[in-house]
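Peer 1: First the structure, then my questions, so here it is.
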Amino acid sequence: MSFPKRTIYCGELRSSHAGQEVVLNGWVARVRDLGGVIFMDVRDHSGVSQTLIRPAEQPELACTIRGLTPESVIWVRGTVQLRENPNPALPTGQVEVVIAELGLLNPALLPPFPISDEIALTEEVRLRYRYLDLRRPRMQRYLRLRHQVYQLIHRYFDRHGFVEIETPMLTRSTPEGARDFLVPSRLHPGRFYALPQSPQLFKQLLMIAGFDRYVQIVKCFRDEDLRADRQPEFTQIDLEMSFVSREDILSLTEGLFAELWSEVLTVELPTPFPRLTYREAMTRYGSDKPDLRYGLELQTLTDIFAETELGIFRKAVAEGHTIAGLRLEGGAAYSRKELEDLAETVRPHGLPGLIWLKYDSSGWQSPVIKHISESERDALRQRLQLQEGDLALLAAAPWEPCYSALGALRRKLADQLDLISKNNVSYRMLWVVDFPLVEYSEAERRYVARHHPFTAPIEEDLPLLDTAPERVRAQAYDLVLNGEEICGGSIRIHTAELQQKVFSILGLTTEQVQQKFGFLLEALRYGAPPHGGIAMGLDRIIMLMAGAESLRDVIAFPKTTSGLSLVDGAPASVDPEQLEELGICVRMPGQLS
RNA sequence: GGGGCCGUAGCUCAGUCGGUUAGAGCGCCUGCCUGUCACGCAGGAGGACGCGAGUUCGAGUCUCGUCGGCCCCGCCA
């Protein structure tokens with residue numbers, strides 16, 4: 001099909017173009033037929049331009065335009081002129097194109113919804129007609145911002161001496177971590193590839209291969225349930241460096257974020273980013289990914305109640321549990337019902353409830369106040385900095401649930417009190433470091449890696465590996481932005497001996513290790529340099545940069561909460577011949593074998 | 001695996017205590033209209049109330065199941 005090609009984009013017309021003949025290629029956005037004059041807005045990705053004709057002068061053109069459906073694809077040739085009535089709300093509002101010629105390139109079916117940011121749509125309709133959803137200006141902005149981010153990433157790492165190398169998508173399934181997506185092998189019936197959860201082992205092999213600095217923007221796959229911030233396939237910026245310390249990786253990462261924010265958002269991020277150890281993050285914020293946009297810091301109170309008369313606290317102290325709490329300014333006015341509502345947030349963490357104490361002009365008020373001594377009251381008031389009219393909320397439980405529960409309470413209060421300003425966007429970056437290497441899984445009755453099994457322990461904790469693995473800290477780090485984890489990485493184990501030891505702590509048998517990770521152990525023996533790296537959740541980063549509400553908004557073709565792709569209908573059943581070829585026989589759930 | 005909210009016109013939604021012929025706005029169609037820009041005005045068409053059972057004299061409305069969307073817990077090294 002031959003047609004007049006555009007001479008300018010719709011969104012680019014300005015008063016300086018007045019008098020010029022232009023050709024526009026685009027979509028019919030809207031027709032306003034006033035009888036004696038017809039206005040037609042023509043849209044492409046850059047914006048909208050108003051065109052017009054006068055039916056009295058061009059009756060056949062008028063007829064054509066009146067027959068156009070919205071979203072039909074057209075070309076228009078005409079002359080730019082200044083408008084009689086400019087529209088200051090539009091960038092192109094000073095001018096309009098007087099149509100001389102118009103051609104219909106492809107008539108469109110009536111779209112199920114107008115192409116506009118203003119219109120409210122359900123997620124289902126948007127995803128079913130994703131190509132129309134993506135035609136909307138906001139979605140165009142999000143994906144173009146995403147493109148800008150890609151380009152900057154490539155430039156940044158190239159400048160810092162990184163080599164971009166692709167790692168395979170068809171890999172082997174390894175134990176540990178998320179559930180794998182499996183791909184059956186036709187050539188080897190009964191055997192399966194796994195889609196990578198991350199290129200972790202390959203990038204370590206690249207370090208052993210001497211590439212020194214590797215980076216890749218790469219798709220990763222995890223077959224787990226979805227969330228607003230979790231898709232089964234997602235994109236990581238994956239990097240690894242040799243002969244480095246943690247510090248090198250943190251500052252390189254900070255440099256990238258500072259540059260991204262500066263160039264894409266024109267926001268200057270102060271570097272270095274603040275750092276908290278895992279322990280500090282938990283004891284001060286009750287989370288390993290705290291949101292620093294608001295206060296409500298936690299205080300540890302165990303020492304204050306070391307010799308208390310209050311039964312539940314005395315018992316907690318005796319059992320080595322933790323007592324902690326937070327101050328709620330002006331909270332003395334809370335009703336029983338409101339307090340009960342707050343207590344509800346700690347129950348999922350296994351706590352029976354909260355102890356509350358109101359402090360105001362008439363003194364203390366609390367169901368437990370008569371069991372709390374004067375000196376304890378004074379210490380509490382001081383520790384929490386209580387003022388008249390404040391409320392103290394206290395929890396007693398083992399260390400982890402105690403702080404986690406208060407962290408949940410802190411988030412709930414921030415939400416309830418609207419402490420996160422919507423109109424005043426801020427970006428609070430935070431490194432959380434020194435995570436525990438492993439944690440005990442009651443469900444699996446063994447230690448599991450907190451980060452992944454290739455993470456190096458902090459050297460001074462090495463002796464604890466044999467005696468108290470749960471107390472060993474890892475050389476691991478997460479980058480947190482406004483309460484969302486956006487990066488995670490570590491210095492890796494680079495000797496076969498240590499790697500083997502960690503595998504055994506994780507309860508892997510020698511046989512399992514040999515079978516699943518033998519190639520890694522072997523490679524580590526052929527001159528593996530000290531190395532470490534980080535993986536950044538690109539979709540989440542872009543979501544936060546764009547101010548989008550959902551990961552889906554910054555992914556061109558995302559899956560629904562149940563993992564379906566509504567635009568192409570994946571996953572779908574396949575022809576029996578395909579299964580036959582793969583040696584696969586499908587048994588539906590509940591069906592007898 | 002579990003919990004919550006939702007599914008009614010092309011879109012977004014209302015629909016009372018279970019009761020006559022199921023509504024609104026936008027969009028669409030027809031007509032009128034020479035400066036609109038979410039044009040305006042007048043008229044009109046458009047519905048297996050997601051699907052399947054059940055309760056009932058009677059179900060959009062109640063119950064169960066199922067499919068789909070969203071959010072959360074578990075899960076996500």
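Chain labels follow the order of the structure tokens: the first chain is A, the next B, and so on; residue numbering restarts at 1 in every chain, and ligands are counted from 1 in their shown order.
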Check every residue of chain A for an atom within 6 Å of chain B, counting only C-alpha atoms (C1' of nucleotides), and provide those that qualify as a short mmCIF file (atom, residue, chain, number, x, y, z; two decimals) with C-alpha atoms, in the first residue's frame.

Peer 2:
```
data_model
loop_
_atom_site.label_atom_id
_atom_site.label_comp_id
_atom_site.auth_asym_id
_atom_site.auth_seq_id
_atom_site.Cartn_x
_atom_site.Cartn_y
_atom_site.Cartn_z
CA LEU A 34 -20.78 21.12 13.89
CA GLY A 35 -22.61 21.00 10.62
CA GLY A 36 -20.94 23.87 8.81
CA VAL A 37 -17.49 22.86 10.00
CA PRO A 112 -14.79 -1.36 23.12
CA PHE A 113 -13.60 1.73 25.00
CA GLU A 124 -9.97 -7.54 32.49
CA GLU A 176 16.12 -24.36 46.58
CA GLY A 177 14.19 -21.27 45.73
CA GLU A 224 4.64 -18.87 42.24
CA ALA A 449 19.18 -20.00 52.67
CA HIS A 451 19.21 -15.13 50.12
CA HIS A 452 20.50 -18.09 48.12
#
```

Peer 1: Please return, as an MDAnalysis selection string, all residues of region 67-292 of chain A that DSSP assigns to strand (DSSP E or B) on the basis of the backbone.

Peer 2: chainID A and resid 73:82 95:106 163:164 171 182:184 192:194 213:221 227 230 233:242 275:277

Peer 1: Hey, what's within 10 Å of Leu252 (chain A) if we count only C-alpha atoms (C1' of nucleotides) and toss same-chain stuff fewer than 5 positions away? As a PyMOL selection string, please?

Peer 2: chain A and resi 156-157+160+247+257-258

Peer 1: For the selection you just gave me, I'd like the residues written to a file as a PDB file, in the first residue's frame, keeping N, CA and C atoms.

Peer 2:
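again.pdb was written with the following content:
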```
ATOM      1  N   TYR A 156      25.424   3.222  31.045  1.00  0.00           N
ATOM      2  CA  TYR A 156      26.088   3.293  32.349  1.00  0.00           C
ATOM      3  C   TYR A 156      27.065   2.134  32.524  1.00  0.00           C
ATOM      4  N   PHE A 157      26.587   0.932  32.238  1.00  0.00           N
ATOM      5  CA  PHE A 157      27.455  -0.222  32.489  1.00  0.00           C
ATOM      6  C   PHE A 157      28.552  -0.341  31.442  1.00  0.00           C
ATOM      7  N   HIS A 160      31.288   1.716  32.565  1.00  0.00           N
ATOM      8  CA  HIS A 160      32.012   1.165  33.716  1.00  0.00           C
ATOM      9  C   HIS A 160      32.683  -0.165  33.393  1.00  0.00           C
ATOM     10  N   GLU A 247      31.424  -3.032  49.184  1.00  0.00           N
ATOM     11  CA  GLU A 247      31.414  -1.582  48.971  1.00  0.00           C
ATOM     12  C   GLU A 247      31.390  -1.210  47.493  1.00  0.00           C
ATOM     13  N   PHE A 257      21.484   4.380  40.220  1.00  0.00           N
ATOM     14  CA  PHE A 257      20.191   4.956  40.615  1.00  0.00           C
ATOM     15  C   PHE A 257      20.229   6.474  40.605  1.00  0.00           C
ATOM     16  N   ALA A 258      21.335   7.032  41.062  1.00  0.00           N
ATOM     17  CA  ALA A 258      21.447   8.486  41.058  1.00  0.00           C
ATOM     18  C   ALA A 258      21.312   9.014  39.632  1.00  0.00           C
TER      19      ALA A 258
END
```

Peer 1: So that I can check the secondary structure, give me every residue of region 8-241 of chain A assigned alpha helix (DSSP H) by backbone DSSP, as JSON, numbers by chain.

Peer 2: {"A": [59, 60, 61, 62, 63, 64, 65, 66, 123, 124, 125, 126, 127, 128, 130, 131, 132, 133, 137, 138, 139, 140, 141, 142, 143, 144, 145, 146, 147, 148, 149, 150, 151, 152, 153, 154, 155, 156, 157, 158, 159, 200, 201, 202, 203, 204, 205, 206, 207, 208]}

Peer 1: Excluding Val513 (chain A) and its own-chain neighbours fewer than 5 positions away, which residues fall within 8 Å of it when counting only C-alpha atoms (C1' of nucleotides)? Please give them as a PyMOL selection string.

Peer 2: chain A and resi 500+503+508+518

Peer 1: Store the residues picked out above, limited to C-alpha atoms, as a short mmCIF file (atom, residue, chain, number, x, y, z; two decimals), in the first residue's frame.

Peer 2:
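Wrote it out as result02.cif, contents follow:
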```cif
data_model
loop_
_atom_site.label_atom_id
_atom_site.label_comp_id
_atom_site.auth_asym_id
_atom_site.auth_seq_id
_atom_site.Cartn_x
_atom_site.Cartn_y
_atom_site.Cartn_z
CA GLN A 500 30.20 -27.61 50.11
CA PHE A 503 25.26 -27.03 51.13
CA LEU A 508 21.60 -31.29 50.92
CA GLY A 518 28.59 -30.65 40.83
#
```

Peer 1: Write out as a ChimeraX atom specification which residues come within 6 Å of region 354-368 of chain A when counting only C-alpha atoms (C1' of nucleotides), dropping same-chain ones fewer than 3 positions away.

Peer 2: /A:332,343,371,388-395

Peer 1: As a list in words, please: the residues near region 424-428 of chain A (cut-off 7 Å, only C-alpha atoms (C1' of nucleotides), same-chain neighbours under 4 positions excluded).

Peer 2: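 My reading of the contact set: Leu292, Arg293, Leu481 and Asn482 of chain A.
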
Peer 1: Which one is closest to Arg222 (chain A): A:Pro463, A:Pro196, A:Gly353, A:Gly569? Count only C-alpha atoms.

Peer 2: A:Pro196

Peer 1: As an exercise, work out the distance from CA of Ser49 (chain A) to CA of Val28 (chain A) in Å and give it to one decimal place.

Peer 2: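 Interatomic distance here is 10.2 Å.
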
Peer 1: As an exercise, work out the distance from CA of Pro175 (chain A) to CA of Arg587 (chain A) in Å and give it to one decimal place.

Peer 2: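 Straight-line distance from CA of Pro175 (chain A) to CA of Arg587 (chain A) works out to 24.4 Å.
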
Peer 1: Quick one: residues within 12 Å of G65 (chain B), only C-alpha atoms (C1' of nucleotides), excluding same-chain residues fewer than 6 positions away - as number ranges by chain?

Peer 2: B: 51-54

Peer 1: To one decimal in Å, tell me the separation between CA of Glu460 (chain A) and CA of Tyr278 (chain A).

Peer 2: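 Between CA of Glu460 (chain A) and CA of Tyr278 (chain A) the gap works out to 16.7 Å.
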
Peer 1: Check the smallest atom-to-atom distance from each of A:Ala178, A:Ile323, A:Leu239, A:Val432 to Glu280 (chain A) using only C-alpha atoms, then report the winner.

Peer 2: A:Val432
